[in-house]
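Beneath this line is the structure, given in structure tokens, with notes to follow.
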Amino acid sequence: MKKIAILYGTSGGNTESIANRIKEKFDGDADVFDVGNLSVAEVQPYKYFILGASTTGIGDLQEDWDSFLPTFSTKMDFTDKTIAIFGLGDSASFSSSYAESIYVIHDQLKDKVKIVGETPDVGYTYDDSLAVVNGKWLGLPLDEDNEYDESEKRITQWVEQLKEEFA
Ligand SMILES: Cc1cc2nc3c(=O)[nH]c(=O)nc-3n(C[C@H](O)[C@H](O)[C@H](O)COP(=O)(O)O)c2cc1C
């Protein structure tokens, strides 16, 4: 079976689209799941997890993830698992809570599972985000509203990084 499960929660489709683009770059080694319709048992066998969520409210987690994360964090057996997180946001309209979905997921899981996929805070324009710690993002932020032309390069670099960190 495939080793990588990409779990996304989306309200407008952006995170789903990015999840599928990430899948393509793993050369058939990844499956994609919508957390709005998912049981923990379905994904328990996978070893590596890529979790993608948009930010809503002001710094809130996308609503399907908001429902699924408590179950995922308590019912999953995280033994020998590794995860990475990506987050969709709007760095112009929500500049003071940019891509904070990454932080919310990271904060919930950081004591339970190995988390990789941190990225340098270089090339982003925003005022503030809880998802940046010591100059590094806790995952990969993407802005399809204002910086869609940057996404391809960011995704490609991140997947290359994950291919080394997922080991
Ligand atoms: C009501 C609302 C609140 C939002 N709040 C934030 C926010 O706090 N921070 C942020 O970076 N983006 C915020 N966004 C922007 C979305 O995260 C962004 O448009 C994202 O691409 C949506 O992805 P989706 O289509 O997968 O849901 C908000 C969008 C809406 C509609």
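Following the order of the structure tokens, chains are lettered A, B, ..., residues in each are numbered from 1, and ligands are numbered from 1.
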
Mind checking which residues fall within 12 Å of Glu63 of chain A, counting only C-alpha atoms, ignoring those fewer than 2 positions away in the same chain, and posting them as a PyMOL selection string? chain A and resi 8-12+35-36+53-57+59-61+65-69+101

Can I get the residues of segment 27-119 of chain A within 9 Å of segment 145-153 of chain A, each with the closest pair of atoms and their distance in Å to one decimal, using only C-alpha atoms, sorted chain first then ascending number, as a tab-separated table?
residue	atom	partner	partner_atom	distance
A:Gly89	CA	A:Asp145	CA	7.8
A:Asp90	CA	A:Asp145	CA	5.9
A:Ser91	CA	A:Asn146	CA	7.4
A:Ala92	CA	A:Asn146	CA	7.2

Of the residues A:Pro45, A:Gly13, A:Gly117, A:Gly135, which is the one nearest to ligand 1, using only C-alpha atoms and all ligand atoms? A:Gly13

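Between Ile18 of chain A and the candidates A:Gln44, A:Leu130, A:Gly87, A:Glu165, the tightest atom-to-atom separation, counting only C-alpha atoms, involves A:Gly87.
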
For segment 73-86 of chain A, list every protein, DNA or RNA residue within 6 Å, evaluated using only C-alpha atoms, and leave out those in the same chain fewer than 4 positions away; present the list as a PyMOL selection string. chain A and resi 47-52+69+113-117+139-141

Please return as a ChimeraX atom specification: the residues of chain A that backbone DSSP assigns to alpha helix (DSSP H). /A:14-25,40-43,63-75,101-109,148-165

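Excluding Arg21 of chain A and any residue on its chain fewer than 6 positions from it, the residues at most 10 Å away by only C-alpha atoms are A:Thr15, A:Glu152, A:Ile155, A:Thr156.
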
Output for the residues just chosen: N, CA and C atoms as a PDB file, in the first residue's frame:
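Written file, part.pdb:
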ATOM      1  N   THR A  15      -7.532  24.410  -0.630  1.00  0.00           N
ATOM      2  CA  THR A  15      -6.688  23.420   0.052  1.00  0.00           C
ATOM      3  C   THR A  15      -6.795  22.053  -0.631  1.00  0.00           C
ATOM      4  N   GLU A 152       3.730  27.075  -6.998  1.00  0.00           N
ATOM      5  CA  GLU A 152       4.366  25.931  -7.647  1.00  0.00           C
ATOM      6  C   GLU A 152       5.789  25.720  -7.121  1.00  0.00           C
ATOM      7  N   ILE A 155       5.667  24.574  -3.405  1.00  0.00           N
ATOM      8  CA  ILE A 155       5.258  23.166  -3.249  1.00  0.00           C
ATOM      9  C   ILE A 155       6.394  22.232  -3.686  1.00  0.00           C
ATOM     10  N   THR A 156       6.993  22.547  -4.810  1.00  0.00           N
ATOM     11  CA  THR A 156       8.059  21.689  -5.327  1.00  0.00           C
ATOM     12  C   THR A 156       9.212  21.586  -4.341  1.00  0.00           C
TER      13      THR A 156
END

If I take atom CA of Glu100 of chain A and atom 29 (C, counted along the ligand's line) of ligand 1, how far is one from the other in Å, to one decimal?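 About the pair atom CA of Glu100 of chain A and atom 29 (C, counted along the ligand's line) of ligand 1: they are 11.6 Å apart.
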
Can you pull out every residue from segment 5-100 of chain A that DSSP, working from the backbone, puts in strand (DSSP E), and format the result as a PyMOL selection string? chain A and resi 5-9+30-34+48-56+60-61+82-88

Point-to-point distance from atom CA of Tyr124 of chain A to atom CA of Leu109 of chain A, Å rounded to tenths: 25.1 Å

May I ask which of the residues A:Ala167, A:Val104, A:Val133, A:Val159 is the closest one to ligand 1, counting only C-alpha atoms and all ligand atoms? A:Val104

Hey, which of A:Ile58, A:Gln108, A:Glu24, A:Pro70 ends up closest to ligand 1? Count only C-alpha atoms and all ligand atoms.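 Counting only C-alpha atoms and all ligand atoms, the residue closest to ligand 1 is A:Ile58.
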
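Taking atom CA of Ile22 of chain A and atom CA of Ser95 of chain A as the two end points, the separation is 25.1 Å.
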